[in-house]
Amino acid sequence: MARLILGPGQHVPEEMFVFPKITLRPDVHQYLRNVFQNKELVAAVGQVEAERRFEELLYRLSHPPSFTCVRASTHLAPLNTIRERLLEELREQMSCHYPGDIPILSHTHVPDVLLLPVIGPRPALPQNPEVIVGALCGNAVLRGAHVFAPGILSTPKYMKAGDLVSVFSDIEGKCTRGSKDFQGKKVFLGNGIAKMGRSDIFCSDEPVKGVGVRMVEPVYLSPSFDNLLPSLVFLQNLPSVVVGHVLGSQPGERVLDMCAAPGGKTSHIAALMKGQGEVIALEKIRSKVERIRQNAQALQLDCIKAYCFNSIQAVCSDHAQKPDEGPPFPAESFDRVLLDAPCSGLGQRPNMGCSWSLREITSYQPLQRKLFHTAVQLLKKGGVLVYSTCTVTLAENEEQVAWALDTFPCLSLQPQEPHIGGEGMPGAGLSPEQLRLLQRFSPVQERGGATGAPAVPLTGVAGGDPARLLQQANADTIGFFIAKFLKT
Ligand SMILES: C[S@@+](CC[C@H](N)C(=O)[O-])C[C@H]1O[C@@H](n2cnc3c(N)ncnc32)[C@H](O)[C@@H]1O
């Protein structure tokens with residue numbers, strides 16, 4: 001396990017990481033580099049440190065966060081009861097992989113979160129015939145999933161159920177489905193046992209379903225949460241759980257979640273409201289709306305109403321329309337609005353390769369602004385608006401905040417509770433006070449900071465001290481951004 005800590009200004013040595021850094025198109029790479037080399041940031045931290053942070057970001061993105069985070073349904077049972085139930089389930093599941101119990105930490109600042117360290121990188125070796133999976137499937141394997149058959153691209157010619165195989169991710173999307181041998185760029189994810197033969201995967205008349213390879217020796221070991229205590233725990237990244245708390249909804253309120261599927265944040269908001277009041281969930285893609293309803297049902301939250309609707313058009317001019325009739329709604333219908341915006345997703349981890357064009361990456365800013373206009377209109381005076389994304393660009397984060405403060409004089413930035421991430425990144429002309437009100441989760445460790453706190457390890461989980469573990473869990477998350485506004 002690599003535990004080396006870099007000094008200020010030092011570059012990130014490649015051998016410290018298990019996987020190569022994320023592959024981006026050259027123009028996207030340059031765009032992102034410019035974001036992290038912007039004049040304001042360079043003036044604040046210096047050229048060398050800015051460059052080091054960018055390099056480290058590229059490596060961090062290809063590796064999984066060092067903790068798996070689950071949200072506990074504390075509206076249904078006390079946290080400790082849920083923790084005990086989880087421990088029992090994991091004891092059974094993990095007994096063949098891990099001696100003793102996997103530690104489950106609670107979080108001192110986020111009361112409904114449980115954190116499980118990801119064990120790895122482990123010294124597994126690729127000694128078996130190769131199975132190649134697509135990058136998305138590979139990312140899921142690194143977060144604890146088995147290999148589901150639709151994600152398999154290539155298997156050995158005579159693979160049958162029961163064979164030992166070594167699983168690799170096709171990080172550049174070059175492997176053709178059904179091939180028997182692949183020489184392109186791939187990374188090793190661990191060893192497993194085939195649950196199906198090659199012909200079951202590629203020659204079936206029906207679309208193939210179910211587990212294709214059961215992972216027995218993954219490079220990064222995390223529990224599988226597939227159907228594990230479905231009403232009591234919900235797999236959700238730590239910054240996403242923070243969003244629900246920052247919104248601060250109270251029982252009896254009327255809350256709008258404008259971009260809601262699959263309903264992770266919707267269901268959290270409803271749980272924090274103890275099921276009292278109304279949470280309206282809008283989602284543009286019809287097939288995803290059912291997922292919101294299923295999650296609401298599994299978590300026993302019946303104050304959620306989900307609609308398939310384009311949120312850009314969610315304000316109606318007809319003031320006679322009753323707000324409880326479903327979208328569109330009259331202006332000033334909601335006590336709180338969450339805009340968890342569609343975004344370029346460049347903070348998601350692990351992500352070994354992104355094939356998106358620069359045009360795609362930069363297409364989100366105008367869309368987010370349209371949604372923002374609706375959000376402000378639908379919010380009551382005195383109401384709270386939270387804007388969040390899971391990306392690391394300035395254009396979709398701090399620049400949006402600067403634009404919103406300019407465009408809507410009725411909005412002011414508010415402090416966030418809890419505030420466990422870093423502050424906003426310089427580069428969009430916001431003042432230091434404004435940046436302090438923003439919450440940016442950056443997987444990059446800042447060196448030479450005012451606190452002088454030791455940096456957390458680049459891979460693997462730090463030693464047993466709970467305060468240090470929490471520091472690592474807060475710092476080594478997906479990339480994420482949260483801004484909270486009050487409308488007056
Ligand atoms: C970042 S995801 C939301 C994740 C969700 N808030 C959660 O926590 O589970 C953004 C969602 O917005 C949806 N979306 C995109 N444009 C939309 C629009 N104009 N109106 C409503 N939903 C939209 C996307 O289909 C996607 O499901």
# chains A, B, ... in the order shown; residues from 1 in each chain; ligands from 1
$ residues_near_ligand --ligand "ligand 1" --cutoff "10 Å" --atoms "only C-alpha atoms and all ligand atoms" --output "ChimeraX atom specification"
/A:236-237,240-241,243-244,257-268,281-289,291-292,295,307-314,338-345,364,367-368,370-371,388-391
$ residues_around --residues "region 16-25 of chain A" --least-positions-apart "2" --cutoff "7 Å" --atoms "only C-alpha atoms" --output "ChimeraX atom specification"
/A:2,13-14,27-29,58-59,61-63,187,351-355,357
$ residues_around --residues "region 198-211 of chain A" --least-positions-apart "3" --cutoff "7 Å" --atoms "only C-alpha atoms" --output "list in words"
His146, Val147, Phe148, Ala149, Pro150, Thr155, Tyr158, Met159, Lys160, Gly178, Lys195 and Arg214 of chain A
$ select_by_dssp --residues "region 244-432 of chain A" --states "strand (DSSP E or B)" --output "PyMOL selection string"
chain A and resi 254-257+278-283+304-308+315+329+334-340+353+379-389+411-413+422
$ closest_residue --among "A:Val315, A:Leu153, A:Ala375, A:Leu76" --to "Tyr387 (chain A)" --atoms "only C-alpha atoms"
A:Ala375
$ residues_around --residues "region 479-483 of chain A" --least-positions-apart "6" --cutoff "9 Å" --atoms "only C-alpha atoms" --output "PyMOL selection string"
chain A and resi 61+239-240+242-243+246+340+345-349+385-392+397-398+401+413-416+421+424+437-444
$ write_last_selection --atoms "C-alpha atoms" --output "tab-separated table (two decimals), in the first residue's frame"
chain	number	residue	atom	x	y	z
A	61	LEU	CA	-9.99	10.66	-10.74
A	239	PRO	CA	-20.95	15.19	-0.69
A	240	SER	CA	-24.40	14.20	-1.99
A	242	VAL	CA	-24.17	16.82	2.63
A	243	VAL	CA	-26.44	18.51	0.04
A	246	VAL	CA	-27.37	22.01	3.56
A	340	ASP	CA	-28.68	19.34	-8.53
A	345	GLY	CA	-19.59	14.91	-14.26
A	346	LEU	CA	-15.81	15.34	-14.25
A	347	GLY	CA	-15.69	14.84	-10.47
A	348	GLN	CA	-17.00	11.25	-10.65
A	349	ARG	CA	-14.57	8.58	-9.44
A	385	LEU	CA	-32.02	27.52	-3.12
A	386	VAL	CA	-29.19	24.99	-3.24
A	387	TYR	CA	-27.19	24.54	-6.44
A	388	SER	CA	-24.88	21.53	-6.77
A	389	THR	CA	-22.85	19.64	-9.37
A	390	CYS	CA	-20.50	16.66	-9.43
A	391	THR	CA	-17.90	18.34	-11.59
A	392	VAL	CA	-14.64	20.24	-11.07
A	397	ASN	CA	-19.44	26.00	-10.36
A	398	GLU	CA	-17.90	29.30	-9.19
A	401	VAL	CA	-22.38	31.56	-8.64
A	413	LEU	CA	-24.90	33.47	-0.55
A	414	GLN	CA	-25.42	31.69	2.76
A	415	PRO	CA	-23.15	29.67	5.05
A	416	GLN	CA	-23.52	25.90	4.78
A	421	GLY	CA	-15.37	20.17	2.09
A	424	GLY	CA	-14.61	27.64	-3.59
A	437	LEU	CA	-19.31	30.34	1.74
A	438	LEU	CA	-18.99	27.79	-1.07
A	439	GLN	CA	-18.28	24.11	-0.53
A	440	ARG	CA	-16.00	22.43	-3.08
A	441	PHE	CA	-15.06	18.82	-2.54
A	442	SER	CA	-11.85	18.35	-4.41
A	443	PRO	CA	-10.12	14.98	-4.31
A	444	VAL	CA	-6.81	16.87	-4.43
$ closest_atom_pairs --of "region 204-262 of chain A" --to "region 129-141 of chain A" --cutoff "10 Å" --atoms "only C-alpha atoms" --output "CSV"
residue,atom,partner,partner_atom,distance
A:Val213,CA,A:Val131,CA,8.8
A:Met215,CA,A:Val141,CA,8.2
A:Pro218,CA,A:Val141,CA,8.0
A:Val219,CA,A:Val141,CA,9.4
A:Tyr220,CA,A:Val141,CA,8.5
A:Leu221,CA,A:Val141,CA,9.0
A:Ser222,CA,A:Val141,CA,8.9
A:Ser224,CA,A:Val141,CA,9.2
$ write_last_selection --atoms "C-alpha atoms" --output "PDB file, in the first residue's frame"
ATOM      1  CA  VAL A 213     -18.135 -12.889 -13.263  1.00  0.00           C
ATOM      2  CA  MET A 215     -15.129 -11.114  -8.182  1.00  0.00           C
ATOM      3  CA  PRO A 218     -10.582  -7.490  -6.489  1.00  0.00           C
ATOM      4  CA  VAL A 219      -7.705  -4.976  -6.491  1.00  0.00           C
ATOM      5  CA  TYR A 220      -9.940  -2.655  -4.445  1.00  0.00           C
ATOM      6  CA  LEU A 221     -12.253  -4.461  -2.047  1.00  0.00           C
ATOM      7  CA  SER A 222     -15.585  -2.848  -1.110  1.00  0.00           C
ATOM      8  CA  SER A 224     -21.417  -5.170  -2.677  1.00  0.00           C
TER       9      SER A 224
END
$ residues_around --residues "Ala395 (chain A)" --least-positions-apart "5" --cutoff "9 Å" --atoms "only C-alpha atoms" --output "count of residues only"
6
